[in-house]
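To be precise, the following lines are query18.txt, and they hold compact mmCIF, C-alpha atoms.
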```
# COMPACT_ATOMS: atom_id res chain seq x y z
CA VAL A 2 7.25 27.33 16.88
CA ARG A 3 5.85 24.15 15.41
CA MET A 4 4.01 24.48 12.10
CA THR A 5 0.83 22.59 11.37
CA PRO A 6 1.20 20.09 8.49
CA LYS A 7 -1.04 22.22 6.24
CA TYR A 8 1.01 25.35 6.93
CA ALA A 9 4.25 23.42 6.44
CA CYS A 10 2.97 22.08 3.09
CA GLU A 11 1.96 25.56 1.97
CA ASN A 12 5.33 26.94 3.06
CA GLU A 13 7.17 24.25 1.05
CA PHE A 14 4.99 24.90 -1.99
CA GLN A 15 5.63 28.67 -1.84
CA THR A 16 9.37 28.13 -1.37
CA GLN A 17 9.58 25.93 -4.46
CA MET A 18 7.37 28.27 -6.48
CA ASN A 19 9.73 31.15 -5.63
CA LYS A 20 12.78 29.09 -6.68
CA THR A 21 11.29 28.04 -10.02
CA GLU A 22 9.45 31.26 -10.86
CA GLY A 23 6.15 29.46 -10.30
CA GLU A 24 6.82 26.71 -12.83
CA ILE A 25 7.51 23.45 -10.99
CA PHE A 26 6.61 21.81 -7.71
CA ILE A 27 8.12 18.40 -6.96
CA TRP A 28 8.36 16.57 -3.64
CA ALA A 29 10.38 13.39 -4.06
CA ASN A 30 11.41 12.67 -0.47
CA SER A 31 9.88 9.82 1.48
CA HIS A 32 9.41 12.05 4.53
CA PHE A 33 7.91 15.47 5.02
CA GLY A 34 9.07 16.69 8.37
CA SER A 35 8.32 13.83 10.75
CA ILE A 36 5.67 12.30 8.46
CA ASN A 37 6.69 9.14 6.61
CA LEU A 38 4.82 9.42 3.31
CA ASN A 39 5.14 5.68 2.69
CA HIS A 40 3.52 4.74 5.99
CA PRO A 41 -0.25 4.26 5.88
CA GLY A 42 -1.87 6.99 7.89
CA PRO A 43 -4.13 10.01 7.61
CA ALA A 44 -1.25 12.49 7.95
CA SER A 45 0.74 10.95 5.12
CA GLN A 46 -2.32 10.82 2.85
CA ALA A 47 -3.12 14.44 3.69
CA VAL A 48 0.39 15.60 2.74
CA LEU A 49 0.36 13.53 -0.45
CA GLN A 50 -3.03 14.99 -1.37
CA TYR A 51 -1.91 18.54 -0.67
CA PHE A 52 1.17 18.13 -2.88
CA ALA A 53 -0.78 16.23 -5.57
CA ASN A 54 -3.25 19.10 -5.68
CA CYS A 55 -0.24 21.39 -6.24
CA SER A 56 0.49 19.32 -9.38
CA CYS A 57 3.36 17.29 -7.94
CA PRO A 58 3.25 14.14 -10.10
CA ILE A 59 5.28 12.03 -7.67
CA SER A 60 2.92 12.79 -4.78
CA GLY A 61 -0.03 12.22 -7.11
CA VAL A 62 1.19 8.76 -8.09
CA LEU A 63 1.90 7.85 -4.47
CA LEU A 64 -1.51 9.13 -3.41
CA ALA A 65 -3.16 7.10 -6.17
CA LEU A 66 -1.37 3.98 -4.89
CA SER A 67 -2.51 4.68 -1.33
CA LEU A 68 -6.11 5.19 -2.45
CA TYR A 69 -6.27 2.05 -4.57
CA PRO A 70 -8.41 -0.38 -2.55
CA TYR A 71 -6.86 -3.64 -3.77
CA THR A 72 -3.38 -3.43 -2.29
CA SER A 73 -1.90 -5.13 0.74
CA ASP A 74 -1.25 -1.84 2.56
CA ILE A 75 -4.26 -0.62 4.50
CA TRP A 76 -4.54 3.14 4.15
CA PRO A 77 -7.28 5.04 6.01
CA ILE A 78 -8.93 6.45 2.88
CA ARG A 79 -9.45 4.15 -0.10
CA SER A 80 -11.29 4.96 -3.28
CA GLU A 81 -10.89 3.39 -6.68
CA ASP A 82 -12.37 6.45 -8.40
CA MET A 83 -10.04 8.88 -6.61
CA SER A 84 -7.10 6.57 -7.29
CA PHE A 85 -7.97 6.67 -10.99
CA LYS A 86 -8.32 10.47 -10.97
CA TYR A 87 -4.99 11.15 -9.25
CA LEU A 88 -3.08 8.50 -11.20
CA PHE A 89 -4.06 9.63 -14.67
CA HIS A 90 -3.76 13.31 -13.79
CA SER A 91 -0.22 12.64 -12.53
CA ILE A 92 0.71 10.72 -15.67
CA GLU A 93 -0.40 13.68 -17.76
CA ILE A 94 1.75 16.00 -15.65
CA ILE A 95 4.76 13.69 -16.06
CA LEU A 96 4.29 13.70 -19.82
CA ASN A 97 4.13 17.50 -19.83
CA ILE A 98 7.24 18.13 -17.71
CA ARG A 99 9.50 15.11 -18.19
CA THR A 100 11.79 16.87 -20.66
CA ASP A 101 12.46 19.80 -18.32
CA LYS A 102 16.18 19.60 -17.61
CA ARG A 103 15.69 20.74 -14.00
CA ILE A 104 13.75 17.61 -13.07
CA HIS A 105 14.41 15.11 -15.86
CA GLN A 106 16.79 12.98 -13.76
CA LEU A 107 14.50 13.06 -10.72
CA LEU A 108 11.53 11.88 -12.78
CA TYR A 109 13.64 9.20 -14.46
CA GLN A 110 14.70 7.85 -11.06
CA PHE A 111 11.08 7.83 -9.90
CA GLU A 112 10.02 6.00 -13.07
CA GLN A 113 12.49 3.24 -12.15
CA SER A 114 11.07 2.77 -8.64
CA ILE A 115 8.94 -0.15 -7.48
CA LYS A 116 6.16 2.25 -6.44
CA PHE A 117 6.00 3.73 -9.93
CA LYS A 118 5.97 0.28 -11.54
CA GLN A 119 3.11 -0.70 -9.21
CA ALA A 120 1.24 2.42 -10.24
CA MET A 121 1.69 1.64 -13.94
CA HIS A 122 0.38 -1.86 -13.30
CA ILE A 123 -2.71 -0.31 -11.70
CA ALA A 124 -3.03 2.09 -14.65
CA THR A 125 -2.99 -0.91 -16.99
CA ILE A 126 -5.73 -2.56 -14.92
CA PHE A 127 -7.80 0.63 -15.05
CA ILE A 128 -7.43 0.82 -18.82
CA SER A 129 -8.36 -2.81 -19.40
CA GLU A 130 -11.08 -3.33 -16.78
CA ARG A 131 -12.97 -0.11 -17.20
CA CYS A 132 -12.93 -0.32 -21.00
CA ILE A 133 -12.30 3.37 -21.08
CA SER A 134 -9.31 3.42 -23.36
CA ALA A 135 -11.26 5.52 -25.86
CA ASN A 136 -11.55 8.24 -23.18
CA ILE A 137 -7.85 8.32 -22.35
CA CYS A 138 -5.41 10.39 -24.34
CA PRO A 139 -3.47 8.10 -26.74
CA GLU A 140 -0.18 9.58 -25.52
CA VAL A 141 -1.04 8.56 -21.94
CA MET A 142 -1.99 5.05 -23.04
CA MET A 143 1.26 4.64 -25.00
CA TYR A 144 3.27 5.87 -22.01
CA VAL A 145 1.54 3.47 -19.60
CA ARG A 146 2.04 0.55 -21.97
CA LYS A 147 5.68 1.48 -22.60
CA VAL A 148 6.74 1.90 -18.98
CA HIS A 149 4.67 -1.07 -17.84
CA ALA A 150 6.37 -3.28 -20.41
CA GLU A 151 9.91 -2.07 -19.69
CA PRO A 152 12.07 -4.28 -17.51
CA MET A 153 13.03 -2.72 -14.22
CA VAL A 154 16.50 -1.20 -13.97
CA LEU A 155 18.09 -2.16 -10.68
CA GLN A 156 20.19 0.57 -9.12
```
Please express the file's structure as structure tokens.
Amino acid sequence: VRMTPKYACENEFQTQMNKTEGEIFIWANSHFGSINLNHPGPASQAVLQYFANCSCPISGVLLALSLYPYTSDIWPIRSEDMSFKYLFHSIEIILNIRTDKRIHQLLYQFEQSIKFKQAMHIATIFISERCISANICPEVMMYVRKVHAEPMVLQ
């Protein structure tokens, strides 16, 4: 029996919620079933959005990148406002869970990735171009500035 992507996403979410007593949901793989989450397409954006809406910060950052209209990849849905929303929401989640020993290493590895560095560059653009720094939590701004300024660690 083949599951629909929505049912498969819900099943994965429930499985992880059961394993972590409802505390953490993280999807860090580049594929979900047969869907390549790095490949521009409606199915990959739908999965990323589902997981981002379940408070997965990695999916949220990747969704924000896919939604950002000024990149070379052409994704089916593009929205600067939605990119902003998902990006800053995901950064707040990262700040809230990054010290959790169960996922600390996973988040650290993601923070070293090219995709994450691209997202922090976009976050810097959002902060400077929209002149909204007064409306962004100072902790979020310091985090964006810190990780955007850090040299990349090659692994």
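The protein and nucleic acid residues lying at most 9 Å from Phe26 in chain A are Phe14, Gln17, Met18, Thr21, Phe52, Cys55, Ser56, Cys57 and Pro58 of chain A, with only C-alpha atoms considered and sequence neighbours fewer than 5 positions away removed.
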One decimal, in Å: what's the spacing between CA of Val145 in chain A and CA of Asn54 in chain A? 21.5 Å
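Closest approach to Gln113 in chain A among A:Lys86, A:Arg79, A:His149, A:Arg131: A:His149, based on all atoms listed in the file.
Using only C-alpha atoms for every distance, the candidate list A:Asn37, A:Val148, A:Glu140, A:Glu13 yields A:Glu140 as the residue closest to Asn97 in chain A.
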Separating CA of Pro6 in chain A from CA of Phe111 in chain A, to the nearest tenth of an Å, is a gap of 24.2 Å
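What separates CA of Asp82 in chain A from CA of Tyr69 in chain A is a distance of 8.4 Å.
Using only C-alpha atoms for every distance, the candidate list A:Ile115, A:His105, A:Leu68, A:Trp76 yields A:Leu68 as the residue closest to Leu88 in chain A.
Residues having any atom no farther than 12 Å from (9.7, 14.7, 10.3) (counting all atoms listed in the file) are Arg3, Met4, Thr5, Pro6, Ala9, Asn30, Ser31, His32, Phe33, Gly34, Ser35, Ile36, Asn37, Leu38, Ala44 and Ser45 of chain A.
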Excluding Leu107 in chain A and its own-chain neighbours fewer than 4 positions away, which residues fall within 12 Å of it when counting all atoms listed in the file? Please give them as a short mmCIF file (atom, residue, chain, number, x, y, z; two decimals) with C-alpha atoms, in the frame of the given file.
```
data_model
loop_
_atom_site.label_atom_id
_atom_site.label_comp_id
_atom_site.auth_asym_id
_atom_site.auth_seq_id
_atom_site.Cartn_x
_atom_site.Cartn_y
_atom_site.Cartn_z
CA ILE A 27 8.12 18.40 -6.96
CA TRP A 28 8.36 16.57 -3.64
CA ALA A 29 10.38 13.39 -4.06
CA ASN A 30 11.41 12.67 -0.47
CA PRO A 58 3.25 14.14 -10.10
CA ILE A 59 5.28 12.03 -7.67
CA ILE A 95 4.76 13.69 -16.06
CA ILE A 98 7.24 18.13 -17.71
CA ARG A 99 9.50 15.11 -18.19
CA THR A 100 11.79 16.87 -20.66
CA ASP A 101 12.46 19.80 -18.32
CA LYS A 102 16.18 19.60 -17.61
CA ARG A 103 15.69 20.74 -14.00
CA PHE A 111 11.08 7.83 -9.90
CA GLU A 112 10.02 6.00 -13.07
CA GLN A 113 12.49 3.24 -12.15
CA SER A 114 11.07 2.77 -8.64
#
```
